[in-house]
>>> print(open('structure-v2.cif').read())   # mmCIF, C-alpha atoms (C1' of nucleotides)
data_my_file
loop_
_atom_site.label_atom_id
_atom_site.label_comp_id
_atom_site.auth_asym_id
_atom_site.auth_seq_id
_atom_site.Cartn_x
_atom_site.Cartn_y
_atom_site.Cartn_z
CA MET A 1 1.08 -25.62 15.51
CA SER A 2 1.74 -22.40 17.40
CA SER A 3 4.89 -21.24 19.20
CA PRO A 4 6.40 -23.81 21.59
CA ARG A 5 7.48 -21.03 23.91
CA PRO A 6 5.78 -17.69 24.55
CA LEU A 7 7.50 -14.50 23.41
CA ARG A 8 9.64 -12.67 25.94
CA ALA A 9 7.97 -9.53 27.31
CA ASP A 10 10.16 -7.02 25.47
CA ALA A 11 9.98 -9.03 22.27
CA ALA A 12 6.18 -9.11 22.36
CA ARG A 13 6.12 -5.35 22.95
CA ASN A 14 8.45 -4.71 20.04
CA ARG A 15 6.47 -6.96 17.74
CA GLU A 16 3.32 -4.97 18.45
CA SER A 17 5.08 -1.61 18.01
CA LEU A 18 6.45 -2.83 14.71
CA LEU A 19 3.06 -3.87 13.43
CA VAL A 20 1.48 -0.48 14.07
CA ALA A 21 4.56 1.47 12.96
CA ALA A 22 4.62 -0.51 9.73
CA ALA A 23 0.92 0.04 9.12
CA ASP A 24 1.33 3.78 9.67
CA GLU A 25 4.41 3.99 7.53
CA PHE A 26 2.85 2.01 4.67
CA ALA A 27 -0.29 4.14 4.86
CA GLU A 28 1.80 7.30 4.53
CA ARG A 29 4.47 6.30 2.06
CA GLY A 30 2.92 3.45 0.12
CA LEU A 31 4.20 0.01 -0.67
CA ASP A 32 7.84 0.99 -0.77
CA ALA A 33 8.15 2.46 2.66
CA SER A 34 11.59 1.31 3.77
CA VAL A 35 12.19 -1.20 6.51
CA ALA A 36 14.71 1.19 8.06
CA ASP A 37 12.07 3.91 8.40
CA ILE A 38 9.61 1.45 9.91
CA ALA A 39 12.23 0.38 12.46
CA ARG A 40 13.01 3.99 13.34
CA ARG A 41 9.32 4.78 13.76
CA ALA A 42 8.88 1.80 16.06
CA GLY A 43 11.94 2.88 18.04
CA VAL A 44 13.94 -0.31 17.39
CA GLY A 45 16.90 -1.29 15.25
CA LYS A 46 16.54 -2.62 11.74
CA GLY A 47 17.78 -6.04 12.80
CA THR A 48 14.83 -6.38 15.14
CA VAL A 49 12.42 -6.09 12.25
CA PHE A 50 14.01 -9.05 10.52
CA ARG A 51 14.10 -11.05 13.73
CA HIS A 52 10.30 -10.86 13.93
CA PHE A 53 9.55 -10.99 10.20
CA ALA A 54 11.98 -12.88 8.01
CA THR A 55 11.32 -10.64 5.01
CA LYS A 56 9.49 -7.42 4.26
CA ASP A 57 6.80 -9.53 2.62
CA ASP A 58 6.28 -11.47 5.82
CA LEU A 59 5.71 -8.20 7.64
CA ILE A 60 3.14 -7.18 5.05
CA ALA A 61 1.45 -10.56 5.34
CA ALA A 62 1.13 -10.12 9.11
CA ILE A 63 -0.53 -6.74 8.66
CA LEU A 64 -2.87 -8.10 6.00
CA LEU A 65 -3.80 -10.98 8.28
CA ASP A 66 -4.61 -8.69 11.21
CA ARG A 67 -6.92 -6.58 9.13
CA MET A 68 -8.68 -9.47 7.46
CA ASN A 69 -9.29 -11.19 10.76
CA ALA A 70 -10.78 -8.00 12.17
CA LEU A 71 -13.13 -7.77 9.20
CA ASN A 72 -14.00 -11.45 9.42
CA ALA A 73 -14.99 -11.01 13.05
CA VAL A 74 -17.38 -8.22 12.09
CA GLY A 75 -18.81 -10.25 9.23
CA GLU A 76 -19.46 -13.32 11.30
CA ARG A 77 -21.19 -11.29 13.99
CA LEU A 78 -23.45 -9.85 11.28
CA LEU A 79 -24.37 -13.23 9.81
CA ASP A 80 -27.44 -13.67 11.98
CA ALA A 81 -28.62 -10.07 11.96
CA PRO A 82 -32.41 -9.81 11.97
CA ASP A 83 -32.41 -7.57 8.87
CA PRO A 84 -30.10 -9.10 6.22
CA ALA A 85 -30.04 -5.91 4.15
CA ALA A 86 -28.85 -3.87 7.12
CA GLY A 87 -26.33 -6.60 7.91
CA LEU A 88 -24.75 -6.36 4.47
CA TRP A 89 -24.78 -2.59 4.66
CA LYS A 90 -23.10 -2.58 8.05
CA PHE A 91 -20.40 -4.92 6.82
CA LEU A 92 -19.61 -2.65 3.90
CA VAL A 93 -19.51 0.35 6.22
CA ALA A 94 -17.12 -1.48 8.56
CA ALA A 95 -14.83 -2.28 5.64
CA GLY A 96 -14.95 1.32 4.52
CA GLU A 97 -14.15 2.59 8.00
CA GLN A 98 -11.14 0.32 8.23
CA ARG A 99 -9.83 1.75 5.01
CA GLN A 100 -10.72 5.28 6.02
CA GLN A 101 -8.52 4.98 9.08
CA ARG A 102 -5.61 3.56 7.10
CA ASP A 103 -5.84 2.73 3.42
CA LEU A 104 -3.58 -0.26 2.93
CA SER A 105 -5.29 -1.72 -0.12
CA PHE A 106 -2.11 -1.65 -2.17
CA LEU A 107 -0.62 -4.27 0.12
CA GLN A 108 -2.74 -6.71 -1.86
CA ASP A 109 -0.36 -6.13 -4.78
CA ALA A 110 2.64 -7.38 -2.80
CA GLY A 111 3.74 -10.98 -3.06
CA ALA A 112 2.65 -11.38 0.56
CA ALA A 113 -0.97 -11.43 -0.58
CA ASN A 114 -0.45 -15.03 -1.73
CA ALA A 115 0.92 -16.31 1.57
CA ALA A 116 -0.96 -19.35 2.80
CA GLU A 117 -2.42 -17.74 5.92
CA VAL A 118 -3.56 -14.69 4.01
CA THR A 119 -5.21 -16.84 1.38
CA THR A 120 -7.21 -18.83 3.92
CA ALA A 121 -8.29 -15.62 5.69
CA ARG A 122 -9.41 -14.27 2.35
CA THR A 123 -11.33 -17.43 1.57
CA THR A 124 -13.11 -17.14 4.89
CA MET A 125 -14.03 -13.57 4.10
CA PHE A 126 -15.35 -14.50 0.68
CA ARG A 127 -17.56 -17.18 2.17
CA THR A 128 -18.90 -14.79 4.81
CA ILE A 129 -19.72 -12.18 2.20
CA ASP A 130 -21.36 -14.79 0.00
CA THR A 131 -23.71 -15.71 2.82
CA LEU A 132 -24.38 -12.07 3.65
CA VAL A 133 -25.31 -11.38 0.05
CA ASP A 134 -27.40 -14.53 -0.36
CA ARG A 135 -29.53 -13.57 2.62
CA ALA A 136 -29.90 -10.00 1.45
CA ARG A 137 -30.95 -11.23 -1.99
CA GLU A 138 -33.51 -13.65 -0.60
CA HIS A 139 -34.83 -10.74 1.39
CA GLY A 140 -35.28 -8.73 -1.79
CA ALA A 141 -32.76 -6.12 -0.73
CA VAL A 142 -30.35 -6.59 -3.63
CA ARG A 143 -31.04 -7.40 -7.26
CA ALA A 144 -31.10 -11.02 -8.40
CA ASP A 145 -28.17 -10.80 -10.82
CA ILE A 146 -25.62 -9.82 -8.14
CA THR A 147 -23.23 -12.33 -6.53
CA GLY A 148 -21.00 -12.27 -3.46
CA THR A 149 -17.96 -11.86 -5.67
CA ASP A 150 -19.49 -8.71 -7.12
CA ILE A 151 -19.66 -7.26 -3.63
CA VAL A 152 -16.13 -8.34 -2.79
CA LEU A 153 -14.92 -6.38 -5.77
CA LEU A 154 -17.15 -3.36 -5.30
CA MET A 155 -16.59 -2.94 -1.57
CA CYS A 156 -13.11 -1.55 -2.21
CA ALA A 157 -14.27 1.04 -4.71
CA PRO A 158 -15.62 3.87 -2.50
CA ASN A 159 -12.36 4.42 -0.63
CA TYR A 160 -10.38 3.99 -3.82
CA VAL A 161 -12.22 6.68 -5.73
CA THR A 162 -11.94 9.23 -2.93
CA SER A 163 -8.20 8.67 -2.64
CA TYR A 164 -7.88 10.79 -5.77
CA LEU A 165 -9.05 13.78 -3.69
CA PRO A 166 -6.65 13.70 -0.73
CA ASP A 167 -8.00 16.86 0.87
CA ALA A 168 -11.67 15.96 0.72
CA SER A 169 -13.80 15.04 3.70
CA PRO A 170 -12.60 11.76 5.24
CA ASP A 171 -16.19 10.55 5.15
CA LEU A 172 -16.67 11.18 1.45
CA TRP A 173 -16.41 7.48 0.68
CA ARG A 174 -19.83 7.04 2.33
CA ARG A 175 -21.34 9.04 -0.53
CA TYR A 176 -19.97 6.64 -3.12
CA LEU A 177 -20.83 3.59 -1.12
CA ALA A 178 -24.42 4.86 -1.06
CA ILE A 179 -24.43 5.44 -4.82
CA ILE A 180 -23.08 1.97 -5.51
CA PHE A 181 -25.52 0.47 -3.05
CA ASP A 182 -28.33 2.16 -4.96
CA GLY A 183 -27.00 0.42 -8.06
CA LEU A 184 -27.23 -2.90 -6.27
CA ARG A 185 -30.91 -2.51 -5.41
CA PRO A 186 -33.57 -4.41 -7.33
CA ASP A 187 -35.72 -1.38 -8.17
CA GLY A 188 -34.78 0.33 -11.41
CA ALA A 189 -32.12 -2.28 -12.25
CA HIS A 190 -31.14 -2.60 -15.90
CA PRO A 191 -29.79 -5.88 -17.34
CA LEU A 192 -26.02 -6.25 -17.00
CA PRO A 193 -23.79 -6.60 -20.07
CA GLN A 194 -21.41 -9.16 -18.57
CA PRO A 195 -21.92 -12.31 -16.48
CA PRO A 196 -20.54 -12.41 -12.92
CA PRO A 197 -16.95 -13.66 -12.56
CA MET B 1 6.61 28.26 -27.56
CA SER B 2 7.12 24.99 -29.41
CA SER B 3 10.33 23.48 -30.79
CA PRO B 4 12.45 25.88 -32.83
CA ARG B 5 13.71 22.99 -34.93
CA PRO B 6 11.94 19.77 -35.90
CA LEU B 7 13.19 16.45 -34.57
CA ARG B 8 15.56 14.43 -36.73
CA ALA B 9 13.87 11.45 -38.38
CA ASP B 10 15.56 8.77 -36.28
CA ALA B 11 15.04 10.79 -33.12
CA ALA B 12 11.31 11.12 -33.80
CA ARG B 13 11.10 7.38 -34.41
CA ASN B 14 12.94 6.63 -31.17
CA ARG B 15 10.76 9.00 -29.21
CA GLU B 16 7.66 7.21 -30.42
CA SER B 17 9.11 3.75 -29.69
CA LEU B 18 10.03 4.91 -26.21
CA LEU B 19 6.53 6.17 -25.49
CA VAL B 20 4.90 2.85 -26.39
CA ALA B 21 7.64 0.74 -24.80
CA ALA B 22 7.30 2.74 -21.59
CA ALA B 23 3.52 2.41 -21.58
CA ASP B 24 3.80 -1.36 -22.08
CA GLU B 25 6.48 -1.71 -19.45
CA PHE B 26 4.60 0.37 -16.90
CA ALA B 27 1.42 -1.58 -17.58
CA GLU B 28 3.24 -4.84 -16.93
CA ARG B 29 5.55 -3.96 -14.06
CA GLY B 30 3.86 -1.01 -12.41
CA LEU B 31 5.20 2.37 -11.43
CA ASP B 32 8.73 1.19 -10.73
CA ALA B 33 9.48 -0.34 -14.07
CA SER B 34 13.12 0.61 -14.62
CA VAL B 35 14.30 3.07 -17.23
CA ALA B 36 16.89 0.50 -18.32
CA ASP B 37 14.17 -2.05 -19.11
CA ILE B 38 12.13 0.52 -20.99
CA ALA B 39 15.18 1.41 -23.08
CA ARG B 40 15.88 -2.25 -23.84
CA ARG B 41 12.26 -2.82 -24.84
CA ALA B 42 12.38 0.14 -27.18
CA GLY B 43 15.66 -1.13 -28.65
CA VAL B 44 17.71 1.92 -27.68
CA GLY B 45 20.38 2.78 -25.15
CA LYS B 46 19.53 4.12 -21.72
CA GLY B 47 21.10 7.47 -22.53
CA THR B 48 18.59 7.99 -25.32
CA VAL B 49 15.72 7.87 -22.85
CA PHE B 50 17.20 10.75 -20.90
CA ARG B 51 17.89 12.74 -24.04
CA HIS B 52 14.16 12.72 -24.86
CA PHE B 53 12.84 12.94 -21.30
CA ALA B 54 14.99 14.72 -18.75
CA THR B 55 13.76 12.53 -15.89
CA LYS B 56 11.65 9.45 -15.44
CA ASP B 57 8.86 11.71 -14.25
CA ASP B 58 8.98 13.65 -17.50
CA LEU B 59 8.50 10.40 -19.39
CA ILE B 60 5.50 9.56 -17.23
CA ALA B 61 4.07 13.04 -17.77
CA ALA B 62 4.34 12.57 -21.54
CA ILE B 63 2.42 9.28 -21.37
CA LEU B 64 -0.22 10.81 -19.13
CA LEU B 65 -0.60 13.72 -21.51
CA ASP B 66 -1.08 11.48 -24.53
CA ARG B 67 -3.82 9.51 -22.84
CA MET B 68 -5.64 12.51 -21.46
CA ASN B 69 -5.61 14.25 -24.81
CA ALA B 70 -7.07 11.15 -26.44
CA LEU B 71 -9.86 11.07 -23.89
CA ASN B 72 -10.44 14.79 -24.22
CA ALA B 73 -10.88 14.40 -27.97
CA VAL B 74 -13.57 11.76 -27.41
CA GLY B 75 -15.31 13.89 -24.80
CA GLU B 76 -15.43 16.99 -26.95
CA ARG B 77 -16.82 15.04 -29.88
CA LEU B 78 -19.58 13.76 -27.58
CA LEU B 79 -20.50 17.20 -26.25
CA ASP B 80 -23.14 17.80 -28.88
CA ALA B 81 -24.53 14.28 -29.05
CA PRO B 82 -28.30 14.26 -29.68
CA ASP B 83 -28.92 12.04 -26.64
CA PRO B 84 -26.99 13.42 -23.63
CA ALA B 85 -27.44 10.24 -21.59
CA ALA B 86 -25.92 8.13 -24.34
CA GLY B 87 -23.15 10.71 -24.70
CA LEU B 88 -22.15 10.40 -21.07
CA TRP B 89 -22.37 6.62 -21.27
CA LYS B 90 -20.18 6.50 -24.37
CA PHE B 91 -17.58 8.68 -22.70
CA LEU B 92 -17.40 6.38 -19.70
CA VAL B 93 -17.10 3.37 -21.99
CA ALA B 94 -14.27 5.04 -23.90
CA ALA B 95 -12.44 5.73 -20.65
CA GLY B 96 -12.95 2.13 -19.58
CA GLU B 97 -11.68 0.79 -22.89
CA GLN B 98 -8.56 2.89 -22.63
CA ARG B 99 -7.85 1.40 -19.25
CA GLN B 100 -8.79 -2.08 -20.40
CA GLN B 101 -6.10 -1.95 -23.06
CA ARG B 102 -3.46 -0.68 -20.65
CA ASP B 103 -4.22 0.19 -17.06
CA LEU B 104 -1.88 3.03 -16.21
CA SER B 105 -3.97 4.62 -13.47
CA PHE B 106 -1.15 4.39 -10.93
CA LEU B 107 0.82 6.89 -12.97
CA GLN B 108 -1.43 9.49 -11.35
CA ASP B 109 0.40 8.78 -8.10
CA ALA B 110 3.75 9.85 -9.56
CA GLY B 111 5.02 13.38 -9.11
CA ALA B 112 4.56 13.81 -12.83
CA ALA B 113 0.80 14.09 -12.32
CA ASN B 114 1.33 17.64 -11.09
CA ALA B 115 3.30 18.82 -14.12
CA ALA B 116 1.82 21.97 -15.62
CA GLU B 117 0.78 20.42 -18.94
CA VAL B 118 -0.84 17.44 -17.25
CA THR B 119 -2.75 19.71 -14.89
CA THR B 120 -4.20 21.79 -17.71
CA ALA B 121 -5.18 18.66 -19.64
CA ARG B 122 -6.88 17.38 -16.52
CA THR B 123 -8.71 20.66 -16.03
CA THR B 124 -9.95 20.46 -19.60
CA MET B 125 -11.20 16.94 -18.98
CA PHE B 126 -13.00 17.98 -15.80
CA ARG B 127 -14.77 20.78 -17.63
CA THR B 128 -15.83 18.47 -20.43
CA ILE B 129 -17.20 15.92 -18.00
CA ASP B 130 -19.01 18.63 -16.08
CA THR B 131 -20.82 19.68 -19.22
CA LEU B 132 -21.57 16.09 -20.17
CA VAL B 133 -23.10 15.47 -16.76
CA ASP B 134 -25.03 18.74 -16.68
CA ARG B 135 -26.72 17.89 -19.95
CA ALA B 136 -27.50 14.36 -18.87
CA ARG B 137 -29.01 15.68 -15.66
CA GLU B 138 -31.16 18.26 -17.45
CA HIS B 139 -32.32 15.41 -19.65
CA GLY B 140 -33.41 13.45 -16.58
CA ALA B 141 -30.89 10.68 -17.23
CA VAL B 142 -28.94 11.03 -13.97
CA ARG B 143 -30.17 11.92 -10.50
CA ALA B 144 -30.20 15.53 -9.37
CA ASP B 145 -27.69 15.14 -6.53
CA ILE B 146 -24.81 13.99 -8.75
CA THR B 147 -22.05 16.32 -9.95
CA GLY B 148 -19.38 16.12 -12.60
CA THR B 149 -16.77 15.53 -9.94
CA ASP B 150 -18.69 12.49 -8.77
CA ILE B 151 -18.39 11.03 -12.25
CA VAL B 152 -14.71 11.91 -12.49
CA LEU B 153 -14.12 9.87 -9.37
CA LEU B 154 -16.42 6.99 -10.21
CA MET B 155 -15.30 6.52 -13.81
CA CYS B 156 -12.07 4.91 -12.62
CA ALA B 157 -13.77 2.41 -10.35
CA PRO B 158 -14.91 -0.34 -12.78
CA ASN B 159 -11.44 -1.10 -14.09
CA TYR B 160 -9.97 -0.78 -10.64
CA VAL B 161 -12.26 -3.34 -9.05
CA THR B 162 -11.70 -5.92 -11.77
CA SER B 163 -7.94 -5.58 -11.46
CA TYR B 164 -8.24 -7.71 -8.34
CA LEU B 165 -9.26 -10.62 -10.59
CA PRO B 166 -6.41 -10.73 -13.12
CA ASP B 167 -7.68 -13.81 -14.91
CA ALA B 168 -11.28 -12.68 -15.35
CA SER B 169 -12.83 -11.63 -18.65
CA PRO B 170 -11.17 -8.45 -19.91
CA ASP B 171 -14.66 -7.02 -20.43
CA LEU B 172 -15.77 -7.59 -16.85
CA TRP B 173 -15.39 -3.89 -16.04
CA ARG B 174 -18.45 -3.26 -18.22
CA ARG B 175 -20.53 -5.15 -15.65
CA TYR B 176 -19.48 -2.83 -12.86
CA LEU B 177 -19.80 0.28 -14.97
CA ALA B 178 -23.41 -0.78 -15.60
CA ILE B 179 -24.06 -1.35 -11.89
CA ILE B 180 -22.61 2.04 -10.99
CA PHE B 181 -24.54 3.67 -13.80
CA ASP B 182 -27.72 2.17 -12.37
CA GLY B 183 -26.79 3.85 -9.10
CA LEU B 184 -26.53 7.18 -10.89
CA ARG B 185 -30.06 6.99 -12.33
CA PRO B 186 -32.87 9.07 -10.85
CA ASP B 187 -35.31 6.18 -10.39
CA GLY B 188 -35.03 4.46 -7.03
CA ALA B 189 -32.37 6.88 -5.76
CA HIS B 190 -31.97 7.17 -2.00
CA PRO B 191 -30.66 10.35 -0.35
CA LEU B 192 -26.86 10.49 -0.08
CA PRO B 193 -25.16 10.71 3.33
CA GLN B 194 -22.42 13.13 2.22
CA PRO B 195 -22.36 16.29 0.08
CA PRO B 196 -20.41 16.28 -3.20
CA PRO B 197 -16.72 17.28 -2.95
"C1'" DC C 1 21.04 -13.36 42.60
"C1'" DG C 2 23.41 -15.29 38.84
"C1'" DC C 3 23.25 -17.82 34.53
"C1'" DT C 4 21.86 -18.25 29.95
"C1'" DA C 5 19.06 -18.33 26.04
"C1'" DA C 6 16.58 -15.05 23.81
"C1'" DC C 7 16.81 -10.62 22.08
"C1'" DC C 8 18.63 -6.23 20.26
"C1'" DG C 9 21.23 -2.95 17.31
"C1'" DG C 10 23.67 -0.98 13.68
"C1'" DA C 11 27.75 -1.59 10.67
"C1'" DC C 12 27.99 -3.93 6.63
"C1'" DC C 13 26.99 -6.22 1.93
"C1'" DG C 14 25.55 -6.80 -2.91
"C1'" DA C 15 22.08 -5.52 -6.10
"C1'" DG C 16 19.62 -2.32 -8.67
"C1'" DC C 17 18.05 2.22 -9.22
"C1'" DG C 18 17.90 7.14 -11.68
"C1'" DG C 19 20.82 10.02 -13.83
"C1'" DT C 20 25.57 11.77 -16.19
"C1'" DC C 21 29.04 12.08 -19.65
"C1'" DA C 22 32.52 11.86 -23.20
"C1'" DA C 23 33.50 9.31 -27.25
"C1'" DC C 24 31.34 7.84 -31.27
"C1'" DT C 25 27.77 7.65 -35.32
"C1'" DT C 26 24.46 9.59 -38.47
"C1'" DG C 27 20.79 12.43 -40.73
"C1'" DC C 28 20.44 16.85 -42.80
"C1'" DT C 29 21.87 20.89 -45.39
"C1'" DA C 30 24.44 23.88 -48.33
"C1'" DT D 1 29.17 14.99 -51.12
"C1'" DA D 2 31.49 17.21 -47.24
"C1'" DG D 3 30.95 18.99 -42.74
"C1'" DC D 4 28.82 19.36 -38.56
"C1'" DA D 5 25.15 19.71 -35.32
"C1'" DA D 6 22.11 16.48 -33.52
"C1'" DG D 7 21.57 12.09 -31.81
"C1'" DT D 8 23.21 7.69 -29.65
"C1'" DT D 9 25.53 4.74 -26.50
"C1'" DG D 10 26.96 2.09 -22.40
"C1'" DA D 11 30.28 2.51 -18.79
"C1'" DC D 12 30.08 4.87 -14.76
"C1'" DC D 13 28.54 7.42 -10.27
"C1'" DG D 14 26.22 8.05 -5.89
"C1'" DC D 15 22.62 6.44 -3.41
"C1'" DT D 16 19.11 3.60 -1.20
"C1'" DC D 17 17.20 -0.59 -0.64
"C1'" DG D 18 16.32 -5.47 1.58
"C1'" DG D 19 18.73 -8.54 4.14
"C1'" DT D 20 22.91 -10.50 7.17
"C1'" DC D 21 25.65 -10.97 11.20
"C1'" DC D 22 27.91 -10.80 15.42
"C1'" DG D 23 29.17 -8.43 19.77
"C1'" DG D 24 26.71 -6.57 23.48
"C1'" DT D 25 22.31 -6.47 26.45
"C1'" DT D 26 18.46 -8.19 29.20
"C1'" DA D 27 14.40 -10.80 30.78
"C1'" DG D 28 13.13 -14.49 33.41
"C1'" DC D 29 13.92 -18.94 35.72
"C1'" DG D 30 15.86 -21.83 39.40
#
>>> encode(input="structure-v2.cif", output="structure tokens")
Amino acid sequence: MSSPRPLRADAARNRESLLVAAADEFAERGLDASVADIARRAGVGKGTVFRHFATKDDLIAAILLDRMNALNAVGERLLDAPDPAAGLWKFLVAAGEQRQQRDLSFLQDAGAANAAEVTTARTTMFRTIDTLVDRAREHGAVRADITGTDIVLLMCAPNYVTSYLPDASPDLWRRYLAIIFDGLRPDGAHPLPQPPP
Amino acid sequence: MSSPRPLRADAARNRESLLVAAADEFAERGLDASVADIARRAGVGKGTVFRHFATKDDLIAAILLDRMNALNAVGERLLDAPDPAAGLWKFLVAAGEQRQQRDLSFLQDAGAANAAEVTTARTTMFRTIDTLVDRAREHGAVRADITGTDIVLLMCAPNYVTSYLPDASPDLWRRYLAIIFDGLRPDGAHPLPQPPP
DNA sequence: CGCTAACCGGACCGAGCGGTCAACTTGCTA
DNA sequence: TAGCAAGTTGACCGCTCGGTCCGGTTAGCG
């Protein structure tokens, strides 16, 4: 199901430049960074962008896919960690570091987030996290009333909250990840007012 | 420094319609809801929008101001609550409920967020929260290494994380507020990796 | 080395945006 | 109730955007 013919050398180079230029440009200017600016940053013409990605949404989907696959690789490597609690923690740190380098969370709001490939990558990630959390729970490292979905939602929060303070330490998110992680621990847990989603 | 002449009756009515129509439209379509759509929703012409608010940013600033003032009123009323822990909790719930009704957090990203009036309202809110947190800390209800700024940042998180699940219970944010609040408690707290901002 | 299919670039298009303006309507006051 | 300042309106402007297209360029194979 992949390409019948490999990309020409220059085309492959341009595709890669475009992907990183687009990621940078989106990180700086937000969701409505213009395709023209992305092309300029990559050092190619605007037409080249649309040759590689039929629409702007397709470009966003490709970026999303790259990042999710990277995270999935980390998660799967952590699945058989000796200490499940540390495994979950390391996964959350990896996710935070990815977003520290370039916060592209808002790309999830674009229509591209529903593209088939992105959806399957997301499903894979959800399943990985579910397993990570199950093991940590069995190990007594997280409270009983927490699910994988809870972690999926909460993992984005630390970077989000620090984005309101653009000139703070780039590592500040680690503080809030630690606070939230403390809230996930079994000791001192209070009953939750709402069931998990 | 206020208006030398009161607004005409129909103008005052239109201004109010515009404010709620704009809030609704922004909540539905995000930051780039068009002025034309807002005008249509309010049942007025586009020119009327610009008579009341010189630019789109001014309109956003007016909405922001309304919401912050409402929250400030709640906070100040809670300042002399008998139980400081409950006071802080109630404030966070009020903030969550405001965002549950209409999530307009992204308006903070607009240039309008730096308008003079908005900035002073925000400063007021920060000071109120600082006091709320100080009292709760003295009362032993939150851990010693937490500041008011921490709460300012974290208070937005519960609604944010649930926005990734558009079809979940509208009260789901209360679950995550409770988890985060558990992380703020003194019992079972682990040392934090980063200093407060 | 020469041929050609793949690739590139940027002028161009229509749509939609924020904002302006001059002609028209209406609430308020004397 | 008459007059007018205040308010309203929608056509209009300049601009930027995502996306198209075709003439010129180039990588790679035989």
>>> resolve_selection(input="structure-v2.cif", expression="the PyMOL selection byres ((chain D) within 10 of (chain B))", output="list in words")
DA6, DG7, DT8, DT9 and DG10 of chain D
>>> closest_atom_pairs(input="structure-v2.cif", of="chain B", to="chain C", cutoff="8 Å", atoms="only C-alpha atoms (C1' of nucleotides)", output="Markdown table")
| residue | atom | partner | partner_atom | distance |
| --- | --- | --- | --- | --- |
| B:Arg8 | CA | C:DG27 | C1' | 6.9 |
| B:Ala9 | CA | C:DG27 | C1' | 7.4 |
| B:Asp10 | CA | C:DG27 | C1' | 7.8 |
| B:Ser34 | CA | C:DC17 | C1' | 7.5 |
| B:Val35 | CA | C:DG18 | C1' | 7.8 |
| B:Phe50 | CA | C:DG19 | C1' | 8.0 |
| B:Thr55 | CA | C:DG19 | C1' | 7.8 |
| B:Lys56 | CA | C:DG18 | C1' | 7.7 |
>>> residues_around(input="structure-v2.cif", residues="Val93 in chain B", least_positions_apart="6", cutoff="12 Å", atoms="all atoms listed in the file", output="list in words")
Leu71, Val74, Gly75, Ala86, Gly87, Arg99, Gln100, Met155, Cys156, Pro158, Asn159, Asp171, Trp173, Arg174, Arg175, Tyr176, Leu177, Ala178 and Phe181 of chain B
>>> closest_residue(input="structure-v2.cif", among="A:Pro84, A:Pro166, A:Gly43, A:Pro197", to="chain B", atoms="only C-alpha atoms")
A:Pro197
>>> residues_around(input="structure-v2.cif", residues="Asn72 in chain A", least_positions_apart="2", cutoff="12 Å", atoms="only C-alpha atoms (C1' of nucleotides)", output="PyMOL selection string")
chain A and resi 65-70+74-79+91-92+94-95+120-129+132
>>> closest_atom_pairs(input="structure-v2.cif", of="chain A", to="chain B", cutoff="8 Å", atoms="all atoms listed in the file", output="tab-separated table")
residue	atom	partner	partner_atom	distance
A:Leu153	CA	B:Val161	CA	5.2
A:Leu154	CA	B:Val161	CA	6.2
A:Cys156	CA	B:Val161	CA	7.1
A:Ala157	CA	B:Ala157	CA	5.8
A:Tyr160	CA	B:Ala157	CA	7.5
A:Val161	CA	B:Leu153	CA	5.2
A:Thr162	CA	B:Leu153	CA	6.8
A:Tyr164	CA	B:Leu153	CA	7.3
A:Ala168	CA	B:Pro197	CA	6.4
A:Ser169	CA	B:Pro197	CA	7.6
A:Asp171	CA	B:Gln194	CA	7.4
A:Leu172	CA	B:Gln194	CA	6.1
A:Arg174	CA	B:Pro193	CA	6.5
A:Arg175	CA	B:Gln194	CA	5.0
A:Tyr176	CA	B:Leu154	CA	7.9
A:Ala178	CA	B:Leu192	CA	6.2
A:Ile179	CA	B:Gly183	CA	5.1
A:Ile180	CA	B:Gly183	CA	5.5
A:Phe181	CA	B:Gly183	CA	7.0
A:Asp182	CA	B:Gly183	CA	4.7
A:Gly183	CA	B:Gly183	CA	3.6
A:Leu184	CA	B:Ile179	CA	6.6
A:Asp187	CA	B:Gly188	CA	6.0
A:Gly188	CA	B:Asp187	CA	6.0
A:Ala189	CA	B:Asp182	CA	6.3
A:His190	CA	B:Asp182	CA	6.8
A:Leu192	CA	B:Arg175	CA	5.8
A:Pro193	CA	B:Arg175	CA	5.7
A:Gln194	CA	B:Arg175	CA	5.0
A:Pro195	CA	B:Arg175	CA	7.3
A:Pro196	CA	B:Arg175	CA	7.8
A:Pro197	CA	B:Ala168	CA	6.4
>>> atom_distance(input="structure-v2.cif", atom1="C1' of DG14 in chain D", atom2="CA of Ala112 in chain B")
23.5 Å
>>> atom_distance(input="structure-v2.cif", atom1="CA of Glu97 in chain A", atom2="CA of Leu59 in chain A")
22.6 Å
>>> atom_distance(input="structure-v2.cif", atom1="CA of Trp89 in chain A", atom2="CA of Ile63 in chain A")
24.9 Å
